[in-house]
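*Asks:* Take a look at the following structure, please.
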Amino acid sequence: MRTYWVETYGCQMNKAESEALIRDLEEAGWGRASAPEEADVVVLNTCTVRQTAEERIAGRLGYYRYLKKHGRFILVLMGCMAERMKEEVLEAFPHVDVVVGTFQKNSFVRLLRERAEDLTLLQQLLLTEEDEYSFEKLHHSGLGFKAFVPIMHGCNNFCSYCIVPYVRGREISRRPSEIFEEIEALLEKGVREITLLGQNVNSYRFTWEGKEMRFAGLLREIVHRFPELPWLRFLTSHPKDLSEELIEVMSASSSICKHLHLPVQHGSNRILGAMNRRYTREHYLNLVERIRTAMPGIALTTDILVGFPGETEEDLELTLDLMRRVRFADAYTYYYNPRKGTRAYEWGDPIPLEVKKERLGRVIRLQRELSLEWKQRKIGRMVDVLVEEVSRKREDEVLARTEQDEMVVFPAPPERIGRFAHVQLVSLEGNTFRAKEVIRCLGDSSSR
Ligand code: SAM
Ligand code: SF4
Ligand code: F3S
C-alpha cells in the first residue's frame with residue numbers, strides 16, 4: 001500500500017485543503033505513514049503570509065533534505081508559498097520533487113493516481129497546468145467531530161500589506177447545493193461543530209438562474225435545513241462587508257456561535273487608509289456597538305498589525321485606545337513583514353525591528369489584560385462546552401471549548417470526547433477555565 005505524510009502550515013483554509021487531500025488519497029487506497037521517512041509521498045502544505053512563516057517552512061525543508069538521504073519519499077511543496085515561488089522552489093530547494101500551487105491541487109491528486117506505479121518519475125516537477133480553483137466535495141478526513149467547510153475562496157480586497165490575493169486569486173463563491181451536501185454528509189458522520197471558511201467569508205455571493213444568495217441568506221438557510229447541527233461558526237469576516245442582516249440572522253439563531261472574529265488591523269484612520277482596509281475606526285466602533293446591542297454576550301476577537309510603514313506613536317496610541325474601547329476577548333497580533341509584490345512593499349520597511357517589537361509588546365500586554373478581564377467576568381457562569389480531548393496534564397480530566405472558543409478543563413472520562421456538557425466555570429488557570437459539571441435544570445433552554 002502507498003503511504004503519505006502531510007504537514008500543514010498557515011490558516012484554516014490550508015487545514016481544510018489538507019484534509020481534503022488526505023481524503024482523496026485514502027479513497028485511492030493510500031494509507032497514513034507512521035513517520036515521514038516511512039512515507040512514499042511527503043506533502044508540506046505551506047503558508048506565505050509572513051516571512052516568519054516561510055522561514056519555518058524553509059527550516060523544515062532543511063530537515064527533509066537530511067531525511068531524504070535515508071528515505072525514498074517524493075517531497076512535495078504545496079500551497080501558498082509554492083504558488084508565490086513557483087520555479088524558484090526548484091532552484092532554492094533542489095531536493096523538492098514536485099511543486100503544487102494553489103490552483104493545481106486537483107491535478108496533483110490526479111497525477112498521484114496515474115503515477116502510483118512509479119513515483120520516482122516525479123522529479124523536479126512544477127505543476128503549471130492552470131486549473132481554475134474548484135472546491136472539493138468533502139474536506140473532512142472522517143476523524144473528529146469538528147469540521148471546516150470552505151464556502152468561498154480568494155480575495156478581492158488587496159489590503160496593501162497582504163500577499164493572499166496574489167497567491168489565492170480572485171474571490172469565488174461555492175454553489176449553495178454543494179455546501180448543503182457537504183454539511184449533510186458531515187452530520188451523518190456525527191460532526192457536531194462546523195466552521196464555514198473563506199478569506200472574506202461574509203462577502204459570499206452566489207448567483208444562479210437569476211437568483212442570488214448572500215452570506216446572511218446562506219446562514220439562514222443552513223440553520224433552517226439542519227436544525228440538528230449544534231454549533232455553526234464562520235471565519236474570517238471583513239468589517240466593511242458585515243451587514244445588518246447578518247447581525248439579525250446571528251442573533252436570531254441559537255446554533256450560530258456567539259463569537260465573531262473581526263480583524264480590525266489598526267486603530268488609526270491614517271494607517272487604515274494606507275492599508276486599504278476601506279473602513280474607519282468610527283465605522284468599526286459603531287459596528288461593534290450594533291453587534292453588542294443585538295448580542296450582548298458575544299465574544300469579539302481580532303487581528304492587529306503594528307509597525308506598518310508610516311505608523312507613529314500617536315497611531316499606535318489610537319490602536320491601544322480602540323482595543324480598550326472594544327475590549328476584545330482575544331487578538332492575534334503581528335508586526336509588519338514586507339511582502340514582495342504587494343503595494344506596501346514599495347514603501348520599504350522604515351520602522352526599525354526593535355521599535356516594531358516594542359510596539360507589538362505593548363499591544364500584547366494590553367490584550368493579556370483585556371483577555372483576563374473578559375474571562376474573570378465569566379467565573380461562576382453555567383455554560384455548554386464541547387469536549388475535545390483528554391487533558392494533557394491529567395488523564396482523569398478533559399479539555400473542552402465554550403461557544404466563545406475558550407478552553408475549559410473538568411473531570412470526565414475520555415468517552416465524553418465529541419459530546420456536549422453543561423459546566424460551571426469555577427476558576428482560571430492561565431488561559432484555561434477550570435470547571436465542574438452540573439446537571440441541567442428543567443427549563444434550561446439549551447438542549448444539547
Ligand atoms: N482575511 C483576513 C482579514 O481580512 O483580516 C485575514 C487573513 S490573513 C491570512 C491573517 C492576518 O495576517 C491578517 O489579519 C493580518 O493581520 C496578518 N498579515 C497579513 N499580511 C501581513 C504582513 N505582511 N505582515 C504581518 N502580518 C500580516
Ligand atoms: Fe489579506 Fe485583506 Fe484579503 Fe484579508 S481582506 S486576505 S488581509 S487582502
Ligand atoms: Fe497563509 Fe495562504 Fe492561509 S498565505 S494564511 S495559508 S491563505
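Ordering of the C-alpha cells sets the chain letters (A, B, ...); residue numbers start at 1 within each chain; ligands are numbered from 1 in the order shown.
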Quick one: contact table of chain A to ligand 1, 6 Å max, nearest atom pair and distance in Å to one decimal per residue, counting only C-alpha atoms and all ligand atoms, chain and number order, as a Markdown table?

*Replies:*
| residue | atom | partner | partner_atom_place_in_ligand_line | distance |
| --- | --- | --- | --- | --- |
| A:Val49 | CA | ligand 1 | 20 (N) | 5.4 |
| A:Arg50 | CA | ligand 1 | 24 (N) | 5.2 |
| A:Tyr161 | CA | ligand 1 | 23 (N) | 4.6 |
| A:Cys162 | CA | ligand 1 | 20 (N) | 4.1 |
| A:Gln199 | CA | ligand 1 | 1 (N) | 4.5 |
| A:Asn200 | CA | ligand 1 | 1 (N) | 5.4 |
| A:Thr236 | CA | ligand 1 | 2 (C) | 5.7 |
| A:His238 | CA | ligand 1 | 4 (O) | 5.3 |
| A:Pro263 | CA | ligand 1 | 5 (O) | 4.6 |
| A:Gln265 | CA | ligand 1 | 16 (O) | 5.6 |
| A:Asp303 | CA | ligand 1 | 16 (O) | 4.9 |
| A:Ile304 | CA | ligand 1 | 16 (O) | 5.3 |
| A:Leu305 | CA | ligand 1 | 16 (O) | 4.9 |
| A:Tyr334 | CA | ligand 1 | 26 (N) | 5.2 |
| A:Tyr335 | CA | ligand 1 | 25 (C) | 5.3 |
| A:Tyr336 | CA | ligand 1 | 24 (N) | 3.9 |
| A:Asn337 | CA | ligand 1 | 24 (N) | 3.8 |
| A:Pro338 | CA | ligand 1 | 23 (N) | 5.2 |
| A:Arg339 | CA | ligand 1 | 23 (N) | 5.4 |

*Asks:* Mind checking which residues fall within 12 Å of A:Arg377, counting only C-alpha atoms, ignoring those fewer than 6 positions away in the same chain, and posting them as a ChimeraX atom specification?

*Replies:* /A:297,329,370-371,425-428,433

*Asks:* Would you mind exporting all heavy atoms of the selected residues as a tab-separated table (two decimals), in the first residue's frame?

*Replies:*
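The result, written out as selection17.tsv:
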chain	number	residue	atom	x	y	z
A	297	GLY	N	-23.68	39.20	24.93
A	297	GLY	CA	-22.59	38.37	25.48
A	297	GLY	C	-21.56	37.96	24.44
A	297	GLY	O	-20.65	37.19	24.75
A	329	ALA	N	-12.05	39.97	23.36
A	329	ALA	CA	-11.84	38.77	24.18
A	329	ALA	C	-10.46	38.18	23.89
A	329	ALA	O	-9.84	37.57	24.76
A	329	ALA	CB	-12.93	37.75	23.90
A	370	LEU	N	-6.91	42.57	28.84
A	370	LEU	CA	-8.31	42.55	28.39
A	370	LEU	C	-8.86	41.12	28.37
A	370	LEU	O	-10.00	40.88	28.76
A	370	LEU	CB	-8.43	43.16	26.98
A	370	LEU	CG	-8.06	44.64	26.86
A	370	LEU	CD1	-8.12	45.08	25.41
A	370	LEU	CD2	-8.97	45.52	27.71
A	371	SER	N	-8.02	40.17	27.95
A	371	SER	CA	-8.48	38.77	27.89
A	371	SER	C	-8.76	38.27	29.30
A	371	SER	O	-9.75	37.57	29.54
A	371	SER	CB	-7.43	37.87	27.25
A	371	SER	OG	-7.18	38.28	25.94
A	425	LEU	N	-18.20	27.42	35.35
A	425	LEU	CA	-16.81	27.88	35.32
A	425	LEU	C	-16.42	28.28	36.74
A	425	LEU	O	-17.07	29.15	37.35
A	425	LEU	CB	-16.67	29.07	34.36
A	425	LEU	CG	-17.16	28.81	32.92
A	425	LEU	CD1	-17.08	30.08	32.08
A	425	LEU	CD2	-16.34	27.69	32.26
A	426	VAL	N	-15.37	27.65	37.25
A	426	VAL	CA	-15.06	27.82	38.68
A	426	VAL	C	-13.87	28.76	38.90
A	426	VAL	O	-13.88	29.60	39.79
A	426	VAL	CB	-14.77	26.43	39.32
A	426	VAL	CG1	-14.37	26.58	40.77
A	426	VAL	CG2	-15.98	25.54	39.19
A	427	SER	N	-12.82	28.59	38.09
A	427	SER	CA	-11.63	29.43	38.28
A	427	SER	C	-10.84	29.47	36.98
A	427	SER	O	-11.20	28.81	36.00
A	427	SER	CB	-10.76	28.87	39.40
A	427	SER	OG	-10.35	27.56	39.05
A	428	LEU	N	-9.76	30.25	37.01
A	428	LEU	CA	-8.92	30.39	35.81
A	428	LEU	C	-7.52	29.91	36.11
A	428	LEU	O	-6.96	30.24	37.16
A	428	LEU	CB	-8.82	31.86	35.45
A	428	LEU	CG	-9.56	32.40	34.26
A	428	LEU	CD1	-9.26	33.89	34.11
A	428	LEU	CD2	-9.26	31.68	32.96
A	433	PHE	N	-10.12	27.81	31.68
A	433	PHE	CA	-11.03	27.76	32.82
A	433	PHE	C	-10.98	26.38	33.44
A	433	PHE	O	-10.86	25.37	32.73
A	433	PHE	CB	-12.48	27.98	32.36
A	433	PHE	CG	-12.82	29.39	32.01
A	433	PHE	CD1	-12.98	29.77	30.68
A	433	PHE	CD2	-12.99	30.34	33.00
A	433	PHE	CE1	-13.30	31.06	30.34
A	433	PHE	CE2	-13.32	31.65	32.67
A	433	PHE	CZ	-13.47	32.01	31.34

*Asks:* Tell me which of A:Leu121, A:Met13, A:Ala344, A:Val89 sits closest to A:Met275, counting only C-alpha atoms.

*Replies:*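 Checking each candidate against A:Met275, we get A:Ala344 as the closest.
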
*Asks:* Check every protein, DNA and RNA residue against ligand 2, keep those with an atom at most 6 Å away (counting only C-alpha atoms and all ligand atoms), and present them as a list in words.

*Replies:*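 I would give the residues around ligand 2 as Cys155, Asn157, Phe158, Cys159, Cys162, Val164, Pro165 and Gln199 of chain A.
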
*Asks:* Would you export the selected residues with C-alpha atoms as a tab-separated table (two decimals), in the first residue's frame, please?

*Replies:*
chain	number	residue	atom	x	y	z
A	155	CYS	CA	-9.77	37.75	-2.02
A	157	ASN	CA	-9.62	43.37	-1.19
A	158	PHE	CA	-5.92	43.89	-1.82
A	159	CYS	CA	-5.05	45.24	1.61
A	162	CYS	CA	-1.19	41.34	2.16
A	164	VAL	CA	-3.14	36.50	-0.04
A	165	PRO	CA	-4.92	37.96	-3.12
A	199	GLN	CA	-10.71	34.64	3.30

*Asks:* Excluding A:Met213 and its own-chain neighbours fewer than 4 positions away, which residues fall within 10 Å of it when counting only C-alpha atoms? Please give them as a count of residues only.

*Replies:* 12

*Asks:* Would you list, as a ChimeraX atom specification, the residues of stretch 90-222 of chain A that end up in strand (DSSP E) under DSSP run on this structure's backbone?

*Replies:* /A:98-100,125-126,146-150,152-153,172-173,193-197,205-208,211-214

*Asks:* Give the helix (DSSP H, G or I) residues of stretch 137-225 of chain A, as assigned by DSSP on the backbone, as JSON, numbers by chain.

*Replies:* {"A": [164, 165, 166, 167, 168, 176, 177, 178, 179, 180, 181, 182, 183, 184, 185, 186, 187, 188, 201, 202, 203, 215, 216, 217, 218, 219, 220, 221, 222, 223, 224, 225]}

*Asks:* How would the residues just picked look written out with C-alpha atoms as a compact mmCIF listing (two decimals), in the first residue's frame?

*Replies:*
# COMPACT_ATOMS: atom_id res chain seq x y z
CA VAL A 164 -3.14 36.50 -0.04
CA PRO A 165 -4.92 37.96 -3.12
CA TYR A 166 -1.80 37.21 -5.20
CA VAL A 167 -1.50 33.59 -4.12
CA ARG A 168 -5.17 32.71 -3.78
CA PRO A 176 -25.10 26.53 -2.12
CA SER A 177 -26.27 23.00 -3.02
CA GLU A 178 -22.67 21.71 -2.70
CA ILE A 179 -22.33 23.38 0.69
CA PHE A 180 -25.57 21.75 1.88
CA GLU A 181 -24.44 18.36 0.58
CA GLU A 182 -21.16 18.60 2.46
CA ILE A 183 -22.91 19.65 5.69
CA GLU A 184 -25.37 16.77 5.34
CA ALA A 185 -22.53 14.27 4.89
CA LEU A 186 -20.72 15.69 7.93
CA LEU A 187 -23.81 15.44 10.11
CA GLU A 188 -24.26 11.81 9.06
CA VAL A 201 -16.45 34.74 4.39
CA ASN A 202 -19.08 37.45 4.69
CA SER A 203 -18.63 38.65 1.11
CA PHE A 215 -23.84 35.25 3.29
CA ALA A 216 -26.68 36.10 5.69
CA GLY A 217 -29.12 34.21 3.44
CA LEU A 218 -26.80 31.21 3.31
CA LEU A 219 -26.53 31.11 7.11
CA ARG A 220 -30.29 31.38 7.45
CA GLU A 221 -30.75 28.51 5.02
CA ILE A 222 -28.20 26.29 6.79
CA VAL A 223 -29.83 26.89 10.18
CA HIS A 224 -33.25 26.14 8.67
CA ARG A 225 -32.18 22.98 6.81

*Asks:* Considering only C-alpha atoms and all ligand atoms, state which residue in the set A:Lys340, A:His266, A:His70, A:Arg84 is at the smallest distance from ligand 3.

*Replies:* A:Arg84

*Asks:* Which residues, written as a PyMOL selection string, have at least one atom at most 10 Å from stretch 14-17 of chain A, with only C-alpha atoms counted and residues fewer than 5 positions away on the same chain left out?

*Replies:* chain A and resi 7-9+22-23+45-47+78-80+102+105+135-136+138-141+147-150+197

*Asks:* Could the residues in this selection be saved with N, CA and C atoms as a PDB file, in the first residue's frame?

*Replies:*
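Heads up, here's the output in out_1.pdb:
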ATOM      1  N   GLU A   7       2.002  17.576   6.188  1.00  0.00           N
ATOM      2  CA  GLU A   7       2.200  18.602   7.227  1.00  0.00           C
ATOM      3  C   GLU A   7       1.555  19.882   6.738  1.00  0.00           C
ATOM      4  N   THR A   8       0.833  20.555   7.654  1.00  0.00           N
ATOM      5  CA  THR A   8       0.080  21.738   7.229  1.00  0.00           C
ATOM      6  C   THR A   8       0.509  22.977   7.999  1.00  0.00           C
ATOM      7  N   TYR A   9       0.740  24.067   7.297  1.00  0.00           N
ATOM      8  CA  TYR A   9       1.092  25.357   7.889  1.00  0.00           C
ATOM      9  C   TYR A   9       0.029  26.359   7.481  1.00  0.00           C
ATOM     10  N   ILE A  22      -6.017  14.372   2.066  1.00  0.00           N
ATOM     11  CA  ILE A  22      -5.889  13.095   2.784  1.00  0.00           C
ATOM     12  C   ILE A  22      -7.056  12.179   2.416  1.00  0.00           C
ATOM     13  N   ARG A  23      -8.221  12.781   2.358  1.00  0.00           N
ATOM     14  CA  ARG A  23      -9.422  12.026   1.999  1.00  0.00           C
ATOM     15  C   ARG A  23      -9.296  11.414   0.603  1.00  0.00           C
ATOM     16  N   ASN A  45       2.099  21.447   3.074  1.00  0.00           N
ATOM     17  CA  ASN A  45       1.114  22.423   2.587  1.00  0.00           C
ATOM     18  C   ASN A  45       1.435  23.745   3.264  1.00  0.00           C
ATOM     19  N   THR A  46       1.868  24.729   2.482  1.00  0.00           N
ATOM     20  CA  THR A  46       2.591  25.874   3.037  1.00  0.00           C
ATOM     21  C   THR A  46       1.807  27.187   3.073  1.00  0.00           C
ATOM     22  N   CYS A  47       2.397  28.133   3.832  1.00  0.00           N
ATOM     23  CA  CYS A  47       1.836  29.481   4.006  1.00  0.00           C
ATOM     24  C   CYS A  47       2.920  30.493   3.654  1.00  0.00           C
ATOM     25  N   MET A  78       3.481  22.276  -1.475  1.00  0.00           N
ATOM     26  CA  MET A  78       2.155  22.640  -1.986  1.00  0.00           C
ATOM     27  C   MET A  78       1.686  23.930  -1.299  1.00  0.00           C
ATOM     28  N   GLY A  79       0.730  24.621  -1.886  1.00  0.00           N
ATOM     29  CA  GLY A  79       0.073  25.735  -1.198  1.00  0.00           C
ATOM     30  C   GLY A  79       0.663  27.096  -1.519  1.00  0.00           C
ATOM     31  N   CYS A  80       0.430  28.031  -0.602  1.00  0.00           N
ATOM     32  CA  CYS A  80       0.665  29.449  -0.900  1.00  0.00           C
ATOM     33  C   CYS A  80       2.137  29.803  -1.127  1.00  0.00           C
ATOM     34  N   THR A 102      -1.589  26.878  -5.675  1.00  0.00           N
ATOM     35  CA  THR A 102      -2.970  26.914  -5.178  1.00  0.00           C
ATOM     36  C   THR A 102      -3.965  26.305  -6.160  1.00  0.00           C
ATOM     37  N   LYS A 105      -4.105  21.802  -7.174  1.00  0.00           N
ATOM     38  CA  LYS A 105      -4.248  20.731  -6.181  1.00  0.00           C
ATOM     39  C   LYS A 105      -4.971  19.517  -6.767  1.00  0.00           C
ATOM     40  N   PHE A 135     -13.727  23.738  -5.553  1.00  0.00           N
ATOM     41  CA  PHE A 135     -13.882  23.225  -4.197  1.00  0.00           C
ATOM     42  C   PHE A 135     -13.959  21.707  -4.251  1.00  0.00           C
ATOM     43  N   GLU A 136     -13.360  21.075  -3.281  1.00  0.00           N
ATOM     44  CA  GLU A 136     -13.503  19.621  -3.156  1.00  0.00           C
ATOM     45  C   GLU A 136     -14.915  19.337  -2.659  1.00  0.00           C
ATOM     46  N   LEU A 138     -15.686  17.128  -0.259  1.00  0.00           N
ATOM     47  CA  LEU A 138     -15.631  16.960   1.197  1.00  0.00           C
ATOM     48  C   LEU A 138     -14.265  17.383   1.703  1.00  0.00           C
ATOM     49  N   HIS A 139     -14.239  18.032   2.873  1.00  0.00           N
ATOM     50  CA  HIS A 139     -12.974  18.499   3.434  1.00  0.00           C
ATOM     51  C   HIS A 139     -12.794  17.939   4.838  1.00  0.00           C
ATOM     52  N   HIS A 140     -13.165  16.704   5.022  1.00  0.00           N
ATOM     53  CA  HIS A 140     -13.074  16.128   6.355  1.00  0.00           C
ATOM     54  C   HIS A 140     -12.533  14.730   6.185  1.00  0.00           C
ATOM     55  N   SER A 141     -11.466  14.432   6.936  1.00  0.00           N
ATOM     56  CA  SER A 141     -10.817  13.140   6.710  1.00  0.00           C
ATOM     57  C   SER A 141     -11.599  11.999   7.351  1.00  0.00           C
ATOM     58  N   ALA A 147     -15.509  20.200  11.943  1.00  0.00           N
ATOM     59  CA  ALA A 147     -15.121  20.211  10.527  1.00  0.00           C
ATOM     60  C   ALA A 147     -15.150  21.622   9.959  1.00  0.00           C
ATOM     61  N   PHE A 148     -14.297  21.835   8.986  1.00  0.00           N
ATOM     62  CA  PHE A 148     -14.292  23.091   8.229  1.00  0.00           C
ATOM     63  C   PHE A 148     -14.995  22.865   6.903  1.00  0.00           C
ATOM     64  N   VAL A 149     -15.786  23.842   6.484  1.00  0.00           N
ATOM     65  CA  VAL A 149     -16.426  23.763   5.165  1.00  0.00           C
ATOM     66  C   VAL A 149     -16.109  25.057   4.402  1.00  0.00           C
ATOM     67  N   PRO A 150     -15.163  25.012   3.454  1.00  0.00           N
ATOM     68  CA  PRO A 150     -14.881  26.220   2.670  1.00  0.00           C
ATOM     69  C   PRO A 150     -16.096  26.611   1.833  1.00  0.00           C
ATOM     70  N   LEU A 197     -15.728  28.524   6.001  1.00  0.00           N
ATOM     71  CA  LEU A 197     -14.454  29.224   5.784  1.00  0.00           C
ATOM     72  C   LEU A 197     -14.433  30.059   4.519  1.00  0.00           C
TER      73      LEU A 197
END

*Asks:* How many Å lie between atom CA of A:Ile247 and atom CA of A:Gln376, rounded to one decimal?

*Replies:*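 For atom CA of A:Ile247 relative to atom CA of A:Gln376, the distance reads 26.4 Å.
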
*Asks:* For A:His261, find every residue with an atom within 7 Å (counting only C-alpha atoms), except residues of its own chain fewer than 3 positions away, and show them as a list of chain:residue names.

*Replies:*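 So the residues in contact are A:Leu235, A:Thr236, A:Ser237, A:Leu300, A:Thr301, A:Thr302.
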
*Asks:* Just N, CA, C and O atoms for this one: save the residues we selected as a PDB file, in the first residue's frame.

*Replies:*
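Ended up saving to out30.pdb:
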ATOM      1  N   LEU A 235     -15.506  32.014   9.563  1.00  0.00           N
ATOM      2  CA  LEU A 235     -14.226  32.720   9.591  1.00  0.00           C
ATOM      3  C   LEU A 235     -13.818  33.070   8.180  1.00  0.00           C
ATOM      4  O   LEU A 235     -14.008  32.218   7.311  1.00  0.00           O
ATOM      5  N   THR A 236     -13.203  34.189   7.874  1.00  0.00           N
ATOM      6  CA  THR A 236     -12.979  35.382   8.653  1.00  0.00           C
ATOM      7  C   THR A 236     -13.851  36.477   8.079  1.00  0.00           C
ATOM      8  O   THR A 236     -13.951  36.592   6.853  1.00  0.00           O
ATOM      9  N   SER A 237     -14.395  37.334   8.928  1.00  0.00           N
ATOM     10  CA  SER A 237     -15.310  38.383   8.449  1.00  0.00           C
ATOM     11  C   SER A 237     -14.553  39.688   8.260  1.00  0.00           C
ATOM     12  O   SER A 237     -13.694  40.030   9.066  1.00  0.00           O
ATOM     13  N   LEU A 300     -15.837  39.046  20.912  1.00  0.00           N
ATOM     14  CA  LEU A 300     -15.247  39.616  19.692  1.00  0.00           C
ATOM     15  C   LEU A 300     -13.747  39.401  19.756  1.00  0.00           C
ATOM     16  O   LEU A 300     -13.103  39.761  20.735  1.00  0.00           O
ATOM     17  N   THR A 301     -13.207  38.800  18.706  1.00  0.00           N
ATOM     18  CA  THR A 301     -11.756  38.633  18.627  1.00  0.00           C
ATOM     19  C   THR A 301     -11.269  39.328  17.352  1.00  0.00           C
ATOM     20  O   THR A 301     -12.075  39.663  16.480  1.00  0.00           O
ATOM     21  N   THR A 302      -9.959  39.562  17.286  1.00  0.00           N
ATOM     22  CA  THR A 302      -9.476  40.391  16.177  1.00  0.00           C
ATOM     23  C   THR A 302      -8.045  40.051  15.779  1.00  0.00           C
ATOM     24  O   THR A 302      -7.387  39.245  16.436  1.00  0.00           O
TER      25      THR A 302
END

*Asks:* From the list A:Leu21, A:Leu196, A:Val6, A:Met382, which residue is nearest A:Ala33 when using only C-alpha atoms?

*Replies:*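 Checking each candidate against A:Ala33, we get A:Val6 as the closest.
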